[in-house]
>>> print(open('protein.txt').read())   # compact mmCIF, C-alpha atoms
# COMPACT_ATOMS: atom_id res chain seq x y z
CA MET A 354 0.00 0.00 0.00
CA THR A 355 1.15 3.50 -0.73
CA GLN A 356 1.34 6.46 1.60
CA ALA A 357 -1.61 8.76 2.28
CA MET A 358 -1.76 11.79 0.00
CA THR A 359 -3.52 15.10 0.46
CA GLY A 360 -5.03 17.11 -2.36
CA ASN A 361 -7.39 19.97 -3.02
CA CYS A 362 -10.04 21.13 -5.43
CA ILE A 363 -9.25 24.04 -7.76
CA CYS A 364 -10.36 26.75 -5.31
CA GLY A 365 -8.81 25.05 -2.27
CA ALA A 366 -12.08 24.93 -0.29
CA THR A 367 -12.16 21.12 -0.27
CA THR A 368 -9.29 19.02 1.01
CA ILE A 369 -9.13 15.24 0.71
CA THR A 370 -6.63 12.87 2.26
CA ALA A 371 -6.65 9.36 0.82
CA THR A 372 -4.48 6.28 0.61
CA PRO A 373 -4.25 4.74 -2.86
CA GLU A 374 -4.62 0.95 -2.85
CA ARG A 375 -1.68 0.64 -5.24
CA GLU A 376 0.94 2.79 -6.90
CA ALA A 377 -1.01 3.22 -10.13
CA MET A 378 -3.97 5.14 -11.52
CA ASP A 379 -6.89 4.03 -13.64
CA ALA A 380 -8.90 5.66 -16.42
CA CYS A 381 -12.64 5.41 -16.95
CA HIS A 382 -14.03 6.15 -20.41
CA CYS A 383 -17.74 5.75 -19.63
CA SER A 384 -19.95 8.48 -21.03
CA ILE A 385 -20.88 9.77 -17.56
CA CYS A 386 -17.24 10.09 -16.40
CA ARG A 387 -16.27 11.82 -19.63
CA GLN A 388 -19.09 14.31 -19.28
CA TRP A 389 -18.37 14.80 -15.54
CA SER A 390 -14.63 15.38 -15.94
CA ALA A 391 -14.44 16.68 -19.54
CA GLY A 392 -12.32 13.69 -20.57
CA PRO A 393 -11.43 10.30 -19.20
CA TYR A 394 -11.69 10.19 -15.40
CA LEU A 395 -8.19 9.46 -14.06
CA ALA A 396 -8.36 8.14 -10.51
CA PHE A 397 -6.80 6.15 -7.70
CA GLY A 398 -8.74 3.33 -6.09
CA CYS A 399 -8.47 4.42 -2.47
CA GLU A 400 -9.20 3.41 1.04
CA ASN A 401 -9.15 5.63 4.12
CA ILE A 402 -10.65 8.67 2.40
CA GLU A 403 -11.03 11.68 4.64
CA ILE A 404 -12.76 14.84 3.45
CA ALA A 405 -11.82 17.76 5.67
CA GLU A 406 -14.58 18.94 7.96
CA GLY A 407 -16.35 21.98 6.56
CA SER A 408 -15.45 21.17 2.96
CA PRO A 409 -18.30 22.34 0.69
CA ILE A 410 -19.02 19.05 -1.07
CA GLY A 411 -21.98 18.03 -3.16
CA VAL A 412 -23.01 14.46 -3.91
CA TYR A 413 -24.74 13.43 -7.12
CA GLN A 414 -26.30 9.96 -7.35
CA SER A 415 -25.32 9.00 -10.90
CA SER A 416 -26.79 5.47 -10.84
CA PRO A 417 -28.69 3.24 -8.41
CA TRP A 418 -25.35 1.98 -7.03
CA ALA A 419 -22.87 4.85 -7.48
CA GLU A 420 -22.44 8.53 -6.71
CA ARG A 421 -20.05 11.35 -7.50
CA VAL A 422 -18.62 13.85 -5.05
CA PHE A 423 -17.65 17.36 -6.15
CA CYS A 424 -16.72 20.72 -4.66
CA LYS A 425 -19.82 22.94 -4.49
CA GLU A 426 -17.65 26.08 -4.69
CA CYS A 427 -15.63 25.42 -7.87
CA GLY A 428 -17.15 22.24 -9.31
CA THR A 429 -13.99 20.11 -9.19
CA SER A 430 -14.71 16.39 -9.70
CA LEU A 431 -13.37 14.69 -6.57
CA VAL A 432 -14.59 11.14 -5.89
CA TRP A 433 -16.56 8.39 -7.63
CA ARG A 434 -17.81 5.85 -5.10
CA THR A 435 -20.30 3.05 -4.72
CA ARG A 436 -23.19 3.90 -2.43
CA ASP A 437 -22.33 0.97 -0.15
CA GLY A 438 -18.88 2.49 0.49
CA LYS A 439 -16.96 -0.57 -0.75
CA HIS A 440 -15.30 1.17 -3.71
CA ASN A 441 -13.84 4.70 -3.79
CA HIS A 442 -11.97 6.28 -6.68
CA VAL A 443 -10.45 9.68 -5.97
CA SER A 444 -9.49 11.93 -8.87
CA SER A 445 -5.74 11.60 -9.26
CA GLN A 446 -5.61 15.12 -10.59
CA ILE A 447 -6.32 16.73 -7.19
CA PHE A 448 -2.98 15.44 -5.86
CA PRO A 449 0.20 17.42 -6.65
CA ASP A 450 2.32 14.27 -7.06
CA ALA A 451 -0.09 12.29 -9.29
CA ALA A 452 2.33 12.44 -12.24
CA ALA A 453 4.63 10.01 -10.41
CA TYR A 454 2.04 7.23 -10.81
CA ALA A 455 1.66 5.20 -14.00
CA LEU A 456 -1.67 4.68 -15.73
CA THR A 457 -2.16 0.90 -15.65
CA SER A 458 -5.82 0.16 -16.42
CA GLN A 459 -8.75 1.47 -18.41
CA ILE A 460 -12.40 0.63 -17.94
CA PHE A 461 -15.39 1.08 -20.27
CA ILE A 462 -12.94 0.79 -23.13
CA ASP A 463 -15.90 0.07 -25.42
CA GLU A 464 -17.17 3.64 -24.77
CA LYS A 465 -13.81 5.37 -25.40
CA PRO A 466 -14.05 7.88 -28.25
CA THR A 467 -11.75 7.28 -31.18
CA GLY A 468 -10.26 10.79 -30.87
CA TYR A 469 -7.65 9.86 -28.26
CA ASP A 470 -5.49 6.95 -27.09
CA PHE A 471 -2.98 6.44 -24.32
CA ALA A 472 0.52 5.53 -25.45
CA ASN A 473 1.29 2.94 -22.79
CA GLU A 474 -0.07 -0.61 -22.57
CA THR A 475 -2.75 -1.07 -19.90
CA GLN A 476 -5.19 -3.66 -18.65
CA ILE A 477 -8.60 -3.00 -20.25
CA MET A 478 -12.18 -3.89 -19.35
CA THR A 479 -15.45 -3.34 -21.20
CA GLY A 480 -18.50 -1.86 -19.55
CA ALA A 481 -20.12 -5.31 -19.32
CA GLU A 482 -17.05 -6.64 -17.50
CA VAL A 483 -17.17 -3.74 -15.03
CA PHE A 484 -20.89 -4.22 -14.35
CA ALA A 485 -20.32 -7.93 -13.79
CA MET A 486 -17.64 -7.07 -11.22
CA PHE A 487 -20.10 -4.91 -9.25
CA ALA A 488 -23.16 -7.17 -9.63
CA PRO A 489 -24.52 -8.44 -6.32
CA SER A 490 -23.90 -12.09 -5.55
CA GLU A 491 -26.86 -14.45 -5.18
CA GLY A 492 -26.86 -13.99 -1.40
CA GLU A 493 -26.98 -10.16 -1.69
CA LYS A 494 -29.99 -9.95 -4.04
>>> encode(input="protein.txt", output="structure tokens")
Amino acid sequence: MTQAMTGNCICGATTITATPEREAMDACHCSICRQWSAGPYLAFGCENIEIAEGSPIGVYQSSPWAERVFCKECGTSLVWRTRDGKHNHVSSQIFPDAAAYALTSQIFIDEKPTGYDFANETQIMTGAEVFAMFAPSEGEK
């Protein structure tokens, strides 16, 4: 596990401290992430997320099982998370040292526009593969 990192939104009103699960970032190409972040959403899967008390955050429920956290002052995209709290992906771009981490995986590759590509090789998953990963098991239905 990597060390905890602290980052801010554009205006500095929201501060997040989080510990990435691994020393790598991921990209999501789903249509909602691209609209939300004006491009692919680059993020760290994180645990131990702490949003500083008093931070002006908004939460948008983007699906029955997921939500997006943003700064209500400047609009910075901050966190994608499942509503059950099991999965948290913090925008890598809020951290000053994000450039030190390699991009290693891409999800919703089947929704990626043809207008851009990443140069490095990564693990890829389609939207159907991602949904299957988050589907409830028989006992949870």
>>> residues_near_point(input="protein.txt", point="(-17.9, 10.5, -7.9)", cutoff="8 Å", atoms="all atoms listed in the file", output="JSON, numbers by chain")
{"A": [412, 413, 419, 420, 421, 422, 423, 430, 431, 432, 433, 434, 442, 443]}
>>> closest_atom_pairs(input="protein.txt", of="range 420-453 of chain A", to="range 355-372 of chain A", cutoff="8 Å", atoms="all atoms listed in the file", output="Markdown table")
| residue | atom | partner | partner_atom | distance |
| --- | --- | --- | --- | --- |
| A:Cys424 | CA | A:Thr367 | CA | 6.3 |
| A:Glu426 | CA | A:Ala366 | CA | 7.2 |
| A:Cys427 | CA | A:Cys364 | CA | 6.0 |
| A:Thr429 | CA | A:Cys362 | CA | 5.5 |
| A:Ser430 | CA | A:Cys362 | CA | 7.9 |
| A:Leu431 | CA | A:Cys362 | CA | 7.3 |
| A:Val443 | CA | A:Ala371 | CA | 7.8 |
| A:Ile447 | CA | A:Gly360 | CA | 5.0 |
| A:Phe448 | CA | A:Gly360 | CA | 4.4 |
| A:Pro449 | CA | A:Gly360 | CA | 6.8 |
>>> residues_near_point(input="protein.txt", point="(-11.9, 4.0, -16.1)", cutoff="12 Å", atoms="all atoms listed in the file", output="ChimeraX atom specification")
/A:378-387,390,392-398,433,442-445,456-465,475-480,482-483
>>> atom_distance(input="protein.txt", atom1="CA of Lys425 in chain A", atom2="CA of Ala453 in chain A")
28.3 Å
>>> closest_residue(input="protein.txt", among="A:Gly411, A:Ala451, A:Glu406, A:Asn401", to="Glu376 in chain A", atoms="only C-alpha atoms")
A:Ala451
>>> atom_distance(input="protein.txt", atom1="CA of Arg375 in chain A", atom2="CA of Pro409 in chain A")
28.0 Å
>>> atom_distance(input="protein.txt", atom1="CA of Cys399 in chain A", atom2="CA of Tyr469 in chain A")
26.4 Å
>>> closest_residue(input="protein.txt", among="A:Ala481, A:Ile410, A:Ala472, A:Ile402", to="Pro373 in chain A", atoms="all atoms listed in the file")
A:Ile402
>>> residues_around(input="protein.txt", residues="Trp418 in chain A", least_positions_apart="2", cutoff="7 Å", atoms="all atoms listed in the file", output="PDB file with C-alpha atoms, in the coordinates of the input")
ATOM      1  CA  SER A 416     -26.790   5.470 -10.840  1.00  0.00           C
ATOM      2  CA  THR A 435     -20.300   3.050  -4.720  1.00  0.00           C
ATOM      3  CA  ARG A 436     -23.190   3.900  -2.430  1.00  0.00           C
TER       4      ARG A 436
END
>>> decode(input="protein.txt", residues="range 377-416 of chain A", atoms="N, CA and C atoms", output="PDB file, in the first residue's frame")
ATOM      1  N   ALA A 377      -0.597   3.108  -8.733  1.00  0.00           N
ATOM      2  CA  ALA A 377      -1.008   3.220 -10.128  1.00  0.00           C
ATOM      3  C   ALA A 377      -2.363   3.912 -10.189  1.00  0.00           C
ATOM      4  N   MET A 378      -2.650   4.526 -11.333  1.00  0.00           N
ATOM      5  CA  MET A 378      -3.965   5.136 -11.518  1.00  0.00           C
ATOM      6  C   MET A 378      -4.699   4.436 -12.649  1.00  0.00           C
ATOM      7  N   ASP A 379      -6.005   4.650 -12.665  1.00  0.00           N
ATOM      8  CA  ASP A 379      -6.885   4.025 -13.642  1.00  0.00           C
ATOM      9  C   ASP A 379      -7.608   5.111 -14.433  1.00  0.00           C
ATOM     10  N   ALA A 380      -8.116   4.740 -15.602  1.00  0.00           N
ATOM     11  CA  ALA A 380      -8.901   5.659 -16.421  1.00  0.00           C
ATOM     12  C   ALA A 380     -10.263   5.044 -16.696  1.00  0.00           C
ATOM     13  N   CYS A 381     -11.298   5.851 -16.576  1.00  0.00           N
ATOM     14  CA  CYS A 381     -12.638   5.412 -16.945  1.00  0.00           C
ATOM     15  C   CYS A 381     -13.080   6.216 -18.157  1.00  0.00           C
ATOM     16  N   HIS A 382     -13.578   5.507 -19.175  1.00  0.00           N
ATOM     17  CA  HIS A 382     -14.026   6.146 -20.410  1.00  0.00           C
ATOM     18  C   HIS A 382     -15.541   6.134 -20.552  1.00  0.00           C
ATOM     19  N   CYS A 383     -16.290   5.786 -19.491  1.00  0.00           N
ATOM     20  CA  CYS A 383     -17.744   5.747 -19.631  1.00  0.00           C
ATOM     21  C   CYS A 383     -18.259   7.146 -19.969  1.00  0.00           C
ATOM     22  N   SER A 384     -19.403   7.197 -20.592  1.00  0.00           N
ATOM     23  CA  SER A 384     -19.945   8.484 -21.034  1.00  0.00           C
ATOM     24  C   SER A 384     -20.206   9.430 -19.867  1.00  0.00           C
ATOM     25  N   ILE A 385     -20.609   8.901 -18.712  1.00  0.00           N
ATOM     26  CA  ILE A 385     -20.880   9.773 -17.562  1.00  0.00           C
ATOM     27  C   ILE A 385     -19.581  10.378 -17.026  1.00  0.00           C
ATOM     28  N   CYS A 386     -18.535   9.566 -16.875  1.00  0.00           N
ATOM     29  CA  CYS A 386     -17.243  10.091 -16.398  1.00  0.00           C
ATOM     30  C   CYS A 386     -16.683  11.130 -17.357  1.00  0.00           C
ATOM     31  N   ARG A 387     -16.801  10.859 -18.659  1.00  0.00           N
ATOM     32  CA  ARG A 387     -16.265  11.819 -19.628  1.00  0.00           C
ATOM     33  C   ARG A 387     -17.015  13.138 -19.573  1.00  0.00           C
ATOM     34  N   GLN A 388     -18.322  13.074 -19.383  1.00  0.00           N
ATOM     35  CA  GLN A 388     -19.087  14.312 -19.278  1.00  0.00           C
ATOM     36  C   GLN A 388     -18.774  15.022 -17.966  1.00  0.00           C
ATOM     37  N   TRP A 389     -18.627  14.248 -16.869  1.00  0.00           N
ATOM     38  CA  TRP A 389     -18.368  14.801 -15.539  1.00  0.00           C
ATOM     39  C   TRP A 389     -16.996  15.465 -15.453  1.00  0.00           C
ATOM     40  N   SER A 390     -15.990  14.865 -16.094  1.00  0.00           N
ATOM     41  CA  SER A 390     -14.628  15.377 -15.944  1.00  0.00           C
ATOM     42  C   SER A 390     -14.054  15.984 -17.225  1.00  0.00           C
ATOM     43  N   ALA A 391     -14.863  16.105 -18.263  1.00  0.00           N
ATOM     44  CA  ALA A 391     -14.439  16.685 -19.542  1.00  0.00           C
ATOM     45  C   ALA A 391     -13.313  15.890 -20.195  1.00  0.00           C
ATOM     46  N   GLY A 392     -13.308  14.601 -19.995  1.00  0.00           N
ATOM     47  CA  GLY A 392     -12.319  13.693 -20.570  1.00  0.00           C
ATOM     48  C   GLY A 392     -12.363  12.401 -19.790  1.00  0.00           C
ATOM     49  N   PRO A 393     -11.425  11.520 -20.009  1.00  0.00           N
ATOM     50  CA  PRO A 393     -11.427  10.301 -19.199  1.00  0.00           C
ATOM     51  C   PRO A 393     -11.190  10.664 -17.732  1.00  0.00           C
ATOM     52  N   TYR A 394     -11.855   9.944 -16.842  1.00  0.00           N
ATOM     53  CA  TYR A 394     -11.688  10.190 -15.404  1.00  0.00           C
ATOM     54  C   TYR A 394     -10.478   9.394 -14.940  1.00  0.00           C
ATOM     55  N   LEU A 395      -9.417  10.083 -14.545  1.00  0.00           N
ATOM     56  CA  LEU A 395      -8.191   9.456 -14.056  1.00  0.00           C
ATOM     57  C   LEU A 395      -8.249   9.441 -12.535  1.00  0.00           C
ATOM     58  N   ALA A 396      -8.125   8.250 -11.949  1.00  0.00           N
ATOM     59  CA  ALA A 396      -8.362   8.140 -10.513  1.00  0.00           C
ATOM     60  C   ALA A 396      -7.527   7.053  -9.861  1.00  0.00           C
ATOM     61  N   PHE A 397      -7.412   7.168  -8.547  1.00  0.00           N
ATOM     62  CA  PHE A 397      -6.801   6.147  -7.704  1.00  0.00           C
ATOM     63  C   PHE A 397      -7.911   5.417  -6.967  1.00  0.00           C
ATOM     64  N   GLY A 398      -7.900   4.094  -7.004  1.00  0.00           N
ATOM     65  CA  GLY A 398      -8.744   3.334  -6.094  1.00  0.00           C
ATOM     66  C   GLY A 398      -8.170   3.563  -4.714  1.00  0.00           C
ATOM     67  N   CYS A 399      -8.992   4.024  -3.785  1.00  0.00           N
ATOM     68  CA  CYS A 399      -8.475   4.421  -2.469  1.00  0.00           C
ATOM     69  C   CYS A 399      -9.256   3.804  -1.327  1.00  0.00           C
ATOM     70  N   GLU A 400      -8.556   3.717  -0.226  1.00  0.00           N
ATOM     71  CA  GLU A 400      -9.198   3.409   1.043  1.00  0.00           C
ATOM     72  C   GLU A 400      -8.827   4.544   1.986  1.00  0.00           C
ATOM     73  N   ASN A 401      -9.453   4.595   3.121  1.00  0.00           N
ATOM     74  CA  ASN A 401      -9.151   5.626   4.120  1.00  0.00           C
ATOM     75  C   ASN A 401      -9.285   7.043   3.568  1.00  0.00           C
ATOM     76  N   ILE A 402     -10.389   7.315   2.911  1.00  0.00           N
ATOM     77  CA  ILE A 402     -10.647   8.666   2.399  1.00  0.00           C
ATOM     78  C   ILE A 402     -11.164   9.546   3.530  1.00  0.00           C
ATOM     79  N   GLU A 403     -10.558  10.705   3.662  1.00  0.00           N
ATOM     80  CA  GLU A 403     -11.025  11.684   4.638  1.00  0.00           C
ATOM     81  C   GLU A 403     -11.236  13.014   3.928  1.00  0.00           C
ATOM     82  N   ILE A 404     -12.461  13.515   3.995  1.00  0.00           N
ATOM     83  CA  ILE A 404     -12.761  14.836   3.452  1.00  0.00           C
ATOM     84  C   ILE A 404     -12.768  15.784   4.639  1.00  0.00           C
ATOM     85  N   ALA A 405     -11.962  16.833   4.545  1.00  0.00           N
ATOM     86  CA  ALA A 405     -11.816  17.763   5.673  1.00  0.00           C
ATOM     87  C   ALA A 405     -13.163  18.333   6.094  1.00  0.00           C
ATOM     88  N   GLU A 406     -13.351  18.406   7.406  1.00  0.00           N
ATOM     89  CA  GLU A 406     -14.585  18.943   7.958  1.00  0.00           C
ATOM     90  C   GLU A 406     -14.797  20.364   7.446  1.00  0.00           C
ATOM     91  N   GLY A 407     -16.015  20.658   7.076  1.00  0.00           N
ATOM     92  CA  GLY A 407     -16.349  21.981   6.559  1.00  0.00           C
ATOM     93  C   GLY A 407     -16.151  22.132   5.066  1.00  0.00           C
ATOM     94  N   SER A 408     -15.625  21.106   4.410  1.00  0.00           N
ATOM     95  CA  SER A 408     -15.448  21.170   2.958  1.00  0.00           C
ATOM     96  C   SER A 408     -16.821  21.242   2.288  1.00  0.00           C
ATOM     97  N   PRO A 409     -16.990  22.152   1.326  1.00  0.00           N
ATOM     98  CA  PRO A 409     -18.300  22.335   0.692  1.00  0.00           C
ATOM     99  C   PRO A 409     -18.538  21.318  -0.422  1.00  0.00           C
ATOM    100  N   ILE A 410     -18.857  20.082  -0.050  1.00  0.00           N
ATOM    101  CA  ILE A 410     -19.019  19.047  -1.072  1.00  0.00           C
ATOM    102  C   ILE A 410     -20.483  18.851  -1.437  1.00  0.00           C
ATOM    103  N   GLY A 411     -20.671  18.444  -2.673  1.00  0.00           N
ATOM    104  CA  GLY A 411     -21.976  18.031  -3.162  1.00  0.00           C
ATOM    105  C   GLY A 411     -21.864  16.570  -3.553  1.00  0.00           C
ATOM    106  N   VAL A 412     -22.979  15.863  -3.521  1.00  0.00           N
ATOM    107  CA  VAL A 412     -23.010  14.456  -3.905  1.00  0.00           C
ATOM    108  C   VAL A 412     -24.124  14.282  -4.922  1.00  0.00           C
ATOM    109  N   TYR A 413     -23.781  13.693  -6.063  1.00  0.00           N
ATOM    110  CA  TYR A 413     -24.745  13.425  -7.121  1.00  0.00           C
ATOM    111  C   TYR A 413     -24.873  11.919  -7.300  1.00  0.00           C
ATOM    112  N   GLN A 414     -26.079  11.391  -7.148  1.00  0.00           N
ATOM    113  CA  GLN A 414     -26.302   9.955  -7.352  1.00  0.00           C
ATOM    114  C   GLN A 414     -26.421   9.727  -8.852  1.00  0.00           C
ATOM    115  N   SER A 415     -25.363   9.157  -9.452  1.00  0.00           N
ATOM    116  CA  SER A 415     -25.315   8.996 -10.899  1.00  0.00           C
ATOM    117  C   SER A 415     -25.881   7.668 -11.390  1.00  0.00           C
ATOM    118  N   SER A 416     -26.153   6.751 -10.488  1.00  0.00           N
ATOM    119  CA  SER A 416     -26.788   5.472 -10.836  1.00  0.00           C
ATOM    120  C   SER A 416     -27.376   4.899  -9.556  1.00  0.00           C
TER     121      SER A 416
END
